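Quick look at run33.cif (mmCIF, C-alpha atoms):
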```cif
data_upload
#
loop_
_atom_site.label_atom_id
_atom_site.label_comp_id
_atom_site.auth_asym_id
_atom_site.auth_seq_id
_atom_site.Cartn_x
_atom_site.Cartn_y
_atom_site.Cartn_z
CA MET A 89 12.14 20.60 10.25
CA THR A 90 13.23 18.54 13.26
CA ASP A 91 16.83 17.34 13.09
CA SER A 92 16.48 13.57 13.36
CA ARG A 93 20.15 12.71 12.90
CA PRO A 94 21.83 10.82 15.76
CA VAL A 95 24.28 12.79 17.85
CA PRO A 96 27.89 11.76 17.02
CA GLY A 97 29.39 9.73 19.84
CA ALA A 98 26.02 9.38 21.59
CA GLN A 99 25.97 6.89 24.40
CA SER A 100 23.83 3.75 24.41
CA VAL A 101 20.37 4.06 25.96
CA SER A 102 18.90 1.51 28.34
CA LEU A 103 15.39 0.29 27.54
CA ALA A 104 14.62 0.91 31.19
CA ASP A 105 14.93 4.63 30.48
CA GLU A 106 11.49 5.07 28.91
CA GLU A 107 11.83 8.77 28.12
CA ARG A 108 15.15 8.40 26.29
CA THR A 109 13.89 5.27 24.54
CA ARG A 110 10.90 7.22 23.20
CA GLU A 111 13.28 9.96 22.06
CA VAL A 112 15.45 7.49 20.14
CA LEU A 113 12.40 5.90 18.51
CA ALA A 114 11.00 9.29 17.49
CA GLN A 115 14.34 10.36 16.01
CA SER A 116 14.64 7.08 14.13
CA VAL A 117 11.14 7.33 12.65
CA LEU A 118 11.77 10.92 11.54
CA GLY A 119 15.04 9.80 10.02
CA LEU A 120 13.25 7.11 8.02
CA TRP A 121 10.73 9.68 6.77
CA ASP A 122 13.63 11.87 5.63
CA VAL A 123 14.98 8.94 3.61
CA VAL A 124 11.55 8.25 2.07
CA ASN A 125 10.97 11.91 1.24
CA ASN A 126 14.38 12.14 -0.43
CA LEU A 127 13.75 9.03 -2.51
CA THR A 128 10.36 10.29 -3.69
CA ARG A 129 12.02 13.38 -5.15
CA LEU A 130 13.47 11.13 -7.86
CA ARG A 131 11.43 11.13 -11.07
CA PRO A 132 11.95 9.34 -14.39
CA SER A 133 13.12 11.63 -17.19
CA ARG A 134 10.10 10.42 -19.15
CA ARG A 135 7.35 7.85 -18.66
CA ASP A 136 6.74 5.03 -21.10
CA ARG A 137 2.98 5.55 -20.79
CA TYR A 138 0.54 8.14 -19.54
CA ARG A 139 -1.08 6.94 -16.32
CA VAL A 140 -4.60 7.90 -15.28
CA THR A 141 -6.00 7.19 -11.83
CA ILE A 142 -9.77 6.77 -11.56
CA PHE A 143 -11.32 7.24 -8.12
CA GLY A 144 -14.92 6.27 -7.36
CA SER A 145 -17.43 4.40 -5.26
CA ALA A 146 -16.89 0.82 -4.11
CA ARG A 147 -20.66 0.35 -3.87
CA CYS A 148 -21.74 0.44 -7.54
CA ARG A 149 -22.49 -2.90 -9.18
CA PRO A 150 -21.95 -4.28 -12.68
CA GLY A 151 -24.88 -3.19 -14.80
CA ASP A 152 -25.32 0.16 -13.02
CA PHE A 153 -25.10 3.14 -15.34
CA ALA A 154 -22.11 4.62 -13.49
CA TYR A 155 -20.33 1.24 -13.64
CA GLN A 156 -20.85 0.92 -17.39
CA GLU A 157 -19.75 4.49 -18.08
CA THR A 158 -16.63 4.19 -15.92
CA ARG A 159 -15.73 0.97 -17.69
CA ARG A 160 -16.23 2.64 -21.08
CA VAL A 161 -14.04 5.62 -20.20
CA ALA A 162 -11.24 3.41 -18.85
CA ALA A 163 -11.36 1.33 -22.04
CA ALA A 164 -11.18 4.48 -24.18
CA LEU A 165 -8.13 5.66 -22.23
CA ALA A 166 -6.49 2.24 -22.54
CA GLU A 167 -7.05 2.37 -26.30
CA MET A 168 -4.95 5.55 -26.24
CA ASP A 169 -2.17 3.53 -24.53
CA CYS A 170 -2.85 4.92 -21.06
CA ASP A 171 -2.31 2.76 -18.00
CA ILE A 172 -5.31 2.77 -15.62
CA ILE A 173 -4.81 2.95 -11.86
CA THR A 174 -7.52 2.42 -9.24
CA GLY A 175 -7.90 1.44 -5.60
CA GLY A 176 -8.16 -2.16 -6.80
CA GLY A 177 -11.45 -2.85 -5.03
CA PRO A 178 -15.05 -3.43 -6.16
CA GLY A 179 -17.54 -0.97 -7.64
CA LEU A 180 -16.25 1.77 -9.91
CA MET A 181 -12.67 0.71 -9.18
CA GLN A 182 -13.46 -2.69 -10.67
CA ALA A 183 -15.27 -1.03 -13.58
CA ALA A 184 -12.18 0.98 -14.47
CA ASN A 185 -9.87 -2.04 -14.18
CA GLU A 186 -12.29 -4.10 -16.25
CA GLY A 187 -12.33 -1.48 -18.99
CA ALA A 188 -8.54 -1.35 -19.09
CA ALA A 189 -8.14 -5.13 -19.05
CA ALA A 190 -10.63 -5.54 -21.92
CA VAL A 191 -8.41 -3.66 -24.37
CA PRO A 192 -5.77 -5.78 -26.15
CA GLY A 193 -2.30 -4.35 -25.85
CA SER A 194 0.25 -3.47 -23.21
CA SER A 195 -1.71 -1.02 -21.07
CA LYS A 196 -1.60 -1.93 -17.39
CA SER A 197 -4.61 -2.30 -15.14
CA VAL A 198 -3.19 -1.35 -11.74
CA GLY A 199 -4.78 -1.70 -8.30
CA ILE A 200 -3.41 0.04 -5.20
CA ARG A 201 -5.20 -1.64 -2.32
CA ILE A 202 -5.69 -0.81 1.34
CA GLU A 203 -5.84 -3.63 3.87
CA LEU A 204 -9.35 -3.56 5.35
CA PRO A 205 -11.13 -6.27 7.35
CA PHE A 206 -14.48 -5.82 5.59
CA GLU A 207 -13.48 -5.66 1.91
CA GLN A 208 -12.60 -8.38 -0.54
CA ASP A 209 -9.26 -9.06 -2.17
CA VAL A 210 -8.13 -7.13 -5.22
CA ASN A 211 -10.65 -7.33 -8.07
CA ALA A 212 -10.17 -9.88 -10.84
CA PHE A 213 -9.31 -7.31 -13.53
CA VAL A 214 -6.17 -5.97 -11.87
CA THR A 215 -2.99 -7.09 -13.65
CA GLN A 216 -0.55 -5.38 -11.28
CA ALA A 217 -1.40 -5.07 -7.58
CA PHE A 218 0.07 -3.20 -4.62
CA GLU A 219 -1.18 -3.36 -1.04
CA HIS A 220 -0.81 -0.90 1.82
CA ARG A 221 -1.60 -1.05 5.52
CA THR A 222 -2.27 2.68 5.85
CA PHE A 223 -4.26 5.17 3.80
CA PHE A 224 -1.37 7.61 4.04
CA THR A 225 1.16 5.46 2.17
CA ARG A 226 -1.49 4.33 -0.31
CA LEU A 227 -2.43 7.92 -1.19
CA HIS A 228 1.26 8.73 -1.54
CA GLN A 229 1.65 5.99 -4.15
CA PHE A 230 -1.36 7.25 -6.10
CA VAL A 231 0.27 10.68 -6.30
CA LEU A 232 3.69 9.34 -7.27
CA GLN A 233 2.37 7.09 -10.04
CA SER A 234 -0.31 9.24 -11.69
CA ASP A 235 -0.26 11.78 -14.53
CA ALA A 236 -3.96 12.62 -14.26
CA PHE A 237 -6.94 11.93 -11.98
CA VAL A 238 -10.57 11.32 -12.89
CA VAL A 239 -12.97 11.43 -9.93
CA ALA A 240 -16.29 9.62 -10.44
CA PRO A 241 -19.14 9.68 -7.88
CA GLY A 242 -18.27 8.11 -4.55
CA GLY A 243 -18.30 8.42 -0.79
CA ILE A 244 -16.01 9.82 1.88
CA GLY A 245 -13.04 7.77 0.65
CA THR A 246 -13.37 9.26 -2.82
CA VAL A 247 -13.63 12.75 -1.31
CA LEU A 248 -10.49 12.12 0.77
CA GLU A 249 -8.52 10.98 -2.27
CA SER A 250 -9.57 13.89 -4.44
CA MET A 251 -9.01 16.49 -1.72
CA LEU A 252 -5.44 15.30 -1.21
CA VAL A 253 -4.70 15.73 -4.91
CA TRP A 254 -6.41 19.13 -4.92
CA GLN A 255 -4.29 20.25 -1.95
CA LEU A 256 -1.03 19.09 -3.56
CA LEU A 257 -1.89 20.90 -6.78
CA GLN A 258 -2.76 24.00 -4.81
CA VAL A 259 0.63 24.16 -3.09
CA ARG A 260 2.39 23.00 -6.28
CA HIS A 261 3.83 19.82 -4.87
CA ILE A 262 2.49 18.35 -8.10
CA GLU A 263 1.97 20.35 -11.29
CA ASN A 264 0.53 19.92 -14.79
CA THR A 265 -1.70 17.14 -13.49
CA PRO A 266 -5.38 17.29 -14.50
CA LEU A 267 -7.89 16.68 -11.71
CA ILE A 268 -11.28 16.05 -13.31
CA PHE A 269 -14.51 15.67 -11.30
CA VAL A 270 -17.30 13.86 -13.15
CA GLY A 271 -20.91 13.70 -11.97
CA ARG A 272 -23.64 15.75 -10.37
CA MET A 273 -22.27 15.41 -6.85
CA TRP A 274 -19.19 17.55 -7.53
CA PRO A 275 -20.35 21.02 -8.71
CA GLY A 276 -21.65 21.74 -5.20
CA LEU A 277 -18.21 21.03 -3.77
CA VAL A 278 -16.49 23.27 -6.31
CA GLU A 279 -19.02 26.04 -5.70
CA TRP A 280 -18.58 25.68 -1.94
CA ALA A 281 -14.82 26.09 -2.39
CA ARG A 282 -15.44 29.16 -4.51
CA SER A 283 -17.75 30.84 -2.02
CA SER A 284 -16.71 29.63 1.43
CA MET A 285 -12.96 28.95 1.64
CA LEU A 286 -10.90 31.56 3.46
CA SER A 287 -8.90 32.78 0.51
CA ALA A 288 -8.60 36.12 -1.22
CA ASP A 289 -7.31 34.49 -4.38
CA PRO A 290 -9.43 32.92 -7.14
CA PRO A 291 -10.66 29.38 -6.41
CA LEU A 292 -8.57 26.47 -7.55
CA ALA A 293 -11.28 24.86 -9.64
CA ARG A 294 -13.87 25.77 -12.19
CA ILE A 295 -17.09 24.13 -13.41
CA THR A 296 -17.31 23.36 -17.10
CA ALA A 297 -19.65 21.16 -19.09
CA CYS A 298 -17.52 18.62 -20.93
CA VAL A 299 -16.70 14.96 -21.62
CA HIS A 300 -19.60 12.67 -22.37
CA LEU A 301 -18.97 10.51 -19.35
CA ALA A 302 -22.49 10.60 -17.99
CA SER A 303 -25.98 11.49 -19.04
CA ALA A 304 -29.30 10.18 -17.79
CA ARG A 305 -30.62 8.09 -14.93
CA ALA A 306 -27.64 7.51 -12.68
CA PRO A 307 -27.39 8.52 -9.02
CA GLY A 308 -24.97 11.41 -8.93
CA ILE A 309 -24.72 11.45 -12.72
CA GLY A 310 -27.66 12.55 -14.78
CA PRO A 311 -29.83 15.24 -16.32
CA GLY A 312 -28.62 18.69 -15.47
CA SER A 313 -25.01 17.60 -15.32
CA THR A 314 -24.61 18.04 -19.10
CA SER A 315 -22.74 14.77 -19.21
CA GLY A 316 -20.71 15.47 -16.13
CA PRO A 317 -19.36 18.77 -14.79
CA LEU A 318 -15.65 19.23 -14.68
CA GLY A 319 -13.55 20.64 -11.89
CA ARG A 320 -10.06 21.01 -13.30
CA SER A 321 -7.42 22.15 -10.88
CA ARG A 322 -5.32 25.18 -11.55
CA SER A 323 -2.89 27.19 -9.49
CA GLY A 324 -4.37 29.53 -6.91
CA GLY A 325 -4.15 30.69 -3.34
CA SER A 326 -4.45 28.72 -0.19
CA GLY A 327 -7.89 27.47 0.66
CA ASN A 328 -6.97 26.20 4.09
#
```

Structure translated into structure tokens:
Amino acid sequence: MTDSRPVPGAQSVSLADEERTREVLAQSVLGLWDVVNNLTRLRPSRRDRYRVTIFGSARCRPGDFAYQETRRVAAALAEMDCDIITGGGPGLMQAANEGAAAVPGSSKSVGIRIELPFEQDVNAFVTQAFEHRTFFTRLHQFVLQSDAFVVAPGGIGTVLESMLVWQLLQVRHIENTPLIFVGRMWPGLVEWARSSMLSADPPLARITACVHLASARAPGIGPGSTSGPLGRSRSGGSGN
């Protein structure tokens, strides 16, 4: 790791000296990251509630099968006193927040937003909102706040989110954290990891028929998925 600490007794640097100015800025930024990384090592001795993050498409609409099923699952988890965390946007994120908000009680419906010029504000069912300017810090918060992840059908953003969690489980930066893929789009990814990644160790995921989260007539979720294949992470070798 680069030593970002200032040199004791270092002299002041003129802004006219561009090279030294860049050096000071780089050292300062690295120093701030050291502080952040140290702070994120702190964990509560126990959580008041189990927190489940649900990732999924922003493009699904109310009334779609995937929307209704995501809402139902979030409500079922909220009934078990789980807090529900999403990206706070439309589509399946809204469905999950709606399901959580519909259940009387103290479960939270959390939205962790990213500032984008082409998306709306946080959806109406979020009861606690956070906003980030970068995907990096937003993904970091998802990881810090979640006890489990459910990945519904989605696009490249959903793939990015799930792959980060998969990577962190693989290198054991997080442990004992279920990562569950639901829908017909995911078995191909898990099988690709099994057959194509450059690793001599067993793959980090397996395909299992489980949880009645999906059945017929939904894009990415439907017949042949036996109500949604599961990819649950487990420890394994590097797939990089």

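CA of Arg160 (chain A) to CA of Gln182 (chain A) spans 12.0 Å [interatomic distance, one decimal].
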
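Across the model, the gap from CA of Leu257 (chain A) to CA of Ala217 (chain A) is 26.0 Å.
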
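The closest residue to Pro241 (chain A), picked from A:Thr158, A:Asn126, A:Ser284, A:Ser116 and counting all atoms listed in the file, is A:Thr158.
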
Could you tell me which of A:Arg226, A:His261, A:His220, A:Arg159 comes closest to Ser197 (chain A) if we count only C-alpha atoms?
A:Arg159

For Val239 (chain A): contacts at 6 Å, only C-alpha atoms, fewer than 6 positions along chain excluded, given as a CSV table (one decimal) with C-alpha atoms, in the coordinates of the input:
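This is the output file out_19.csv:
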```
chain,number,residue,atom,x,y,z
A,142,ILE,CA,-9.8,6.8,-11.6
A,143,PHE,CA,-11.3,7.2,-8.1
A,268,ILE,CA,-11.3,16.0,-13.3
A,269,PHE,CA,-14.5,15.7,-11.3
A,270,VAL,CA,-17.3,13.9,-13.2
```

Between CA of Gln99 (chain A) and CA of Glu111 (chain A), what is the distance in Å, rounded to a tenth?
13.3 Å

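With all atoms listed in the file as the basis for measurement, A:Ser194 is the residue among A:Cys148, A:Ser194, A:Val101, A:Ile200 that approaches Asp136 (chain A) most closely.
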
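Applied to the file shown here, the PyMOL selection byres ((chain A and resi 210) around 9) selects the residues Gly175, Gly176, Gly177, Pro178, Gln182, Gly199, Ile200, Arg201, Gln208, Asp209, Asn211, Ala212, Phe213, Val214, Ala217 and Glu219 of chain A.
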
Which residue out of A:Trp280, A:Met251, A:Arg272, A:Ser100 has the minimum interatomic distance to Val112 (chain A) when all atoms listed in the file are used?
A:Ser100

Pick out the residues sitting within 12 Å of Lys196 (chain A), and hand them over as a ChimeraX atom specification; count only C-alpha atoms, and ignore anything fewer than 5 positions along from it in its own chain.
/A:136-141,162-163,165-167,169-174,184-191,213-217

So that I can check the surroundings of Arg131 (chain A), please list as a ChimeraX atom specification every protein, DNA and RNA residue that reaches within 12 Å of it, counting only C-alpha atoms and ignoring chain neighbours fewer than 6 positions away.
/A:232-234,262

For this file, the PyMOL selection byres ((chain A and resi 147) around 10) selects which residues, as a list in words?
Gly144, Ser145, Ala146, Cys148, Arg149, Tyr155, Gly177, Pro178, Gly179, Leu180, Met181, Gly242 and Gly243 of chain A

Output as a compact mmCIF listing (two decimals), in the coordinates of the input: region 263-275 of chain A, completed with N, CA and C atoms.
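Written output follows (out-v8.txt):
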```txt
# COMPACT_ATOMS: atom_id res chain seq x y z
N GLU A 263 2.37 19.34 -10.31
CA GLU A 263 1.97 20.35 -11.29
C GLU A 263 1.63 19.68 -12.62
N ASN A 264 0.90 20.41 -13.45
CA ASN A 264 0.53 19.92 -14.79
C ASN A 264 -0.14 18.56 -14.71
N THR A 265 -1.00 18.41 -13.72
CA THR A 265 -1.70 17.14 -13.49
C THR A 265 -3.20 17.40 -13.46
N PRO A 266 -3.93 17.03 -14.50
CA PRO A 266 -5.38 17.29 -14.50
C PRO A 266 -6.09 16.55 -13.36
N LEU A 267 -7.00 17.26 -12.72
CA LEU A 267 -7.89 16.68 -11.71
C LEU A 267 -9.30 16.95 -12.19
N ILE A 268 -10.00 15.91 -12.62
CA ILE A 268 -11.28 16.05 -13.31
C ILE A 268 -12.38 15.38 -12.48
N PHE A 269 -13.37 16.18 -12.05
CA PHE A 269 -14.51 15.67 -11.30
C PHE A 269 -15.65 15.41 -12.29
N VAL A 270 -16.23 14.23 -12.22
CA VAL A 270 -17.30 13.86 -13.15
C VAL A 270 -18.54 13.45 -12.36
N GLY A 271 -19.67 14.08 -12.62
CA GLY A 271 -20.91 13.70 -11.97
C GLY A 271 -21.57 14.85 -11.25
N ARG A 272 -22.85 14.68 -10.96
CA ARG A 272 -23.64 15.75 -10.37
C ARG A 272 -23.29 16.06 -8.93
N MET A 273 -22.57 15.16 -8.26
CA MET A 273 -22.27 15.41 -6.85
C MET A 273 -21.16 16.44 -6.67
N TRP A 274 -20.38 16.74 -7.71
CA TRP A 274 -19.19 17.55 -7.53
C TRP A 274 -19.36 19.06 -7.71
N PRO A 275 -20.26 19.55 -8.57
CA PRO A 275 -20.35 21.02 -8.71
C PRO A 275 -20.62 21.74 -7.40
```
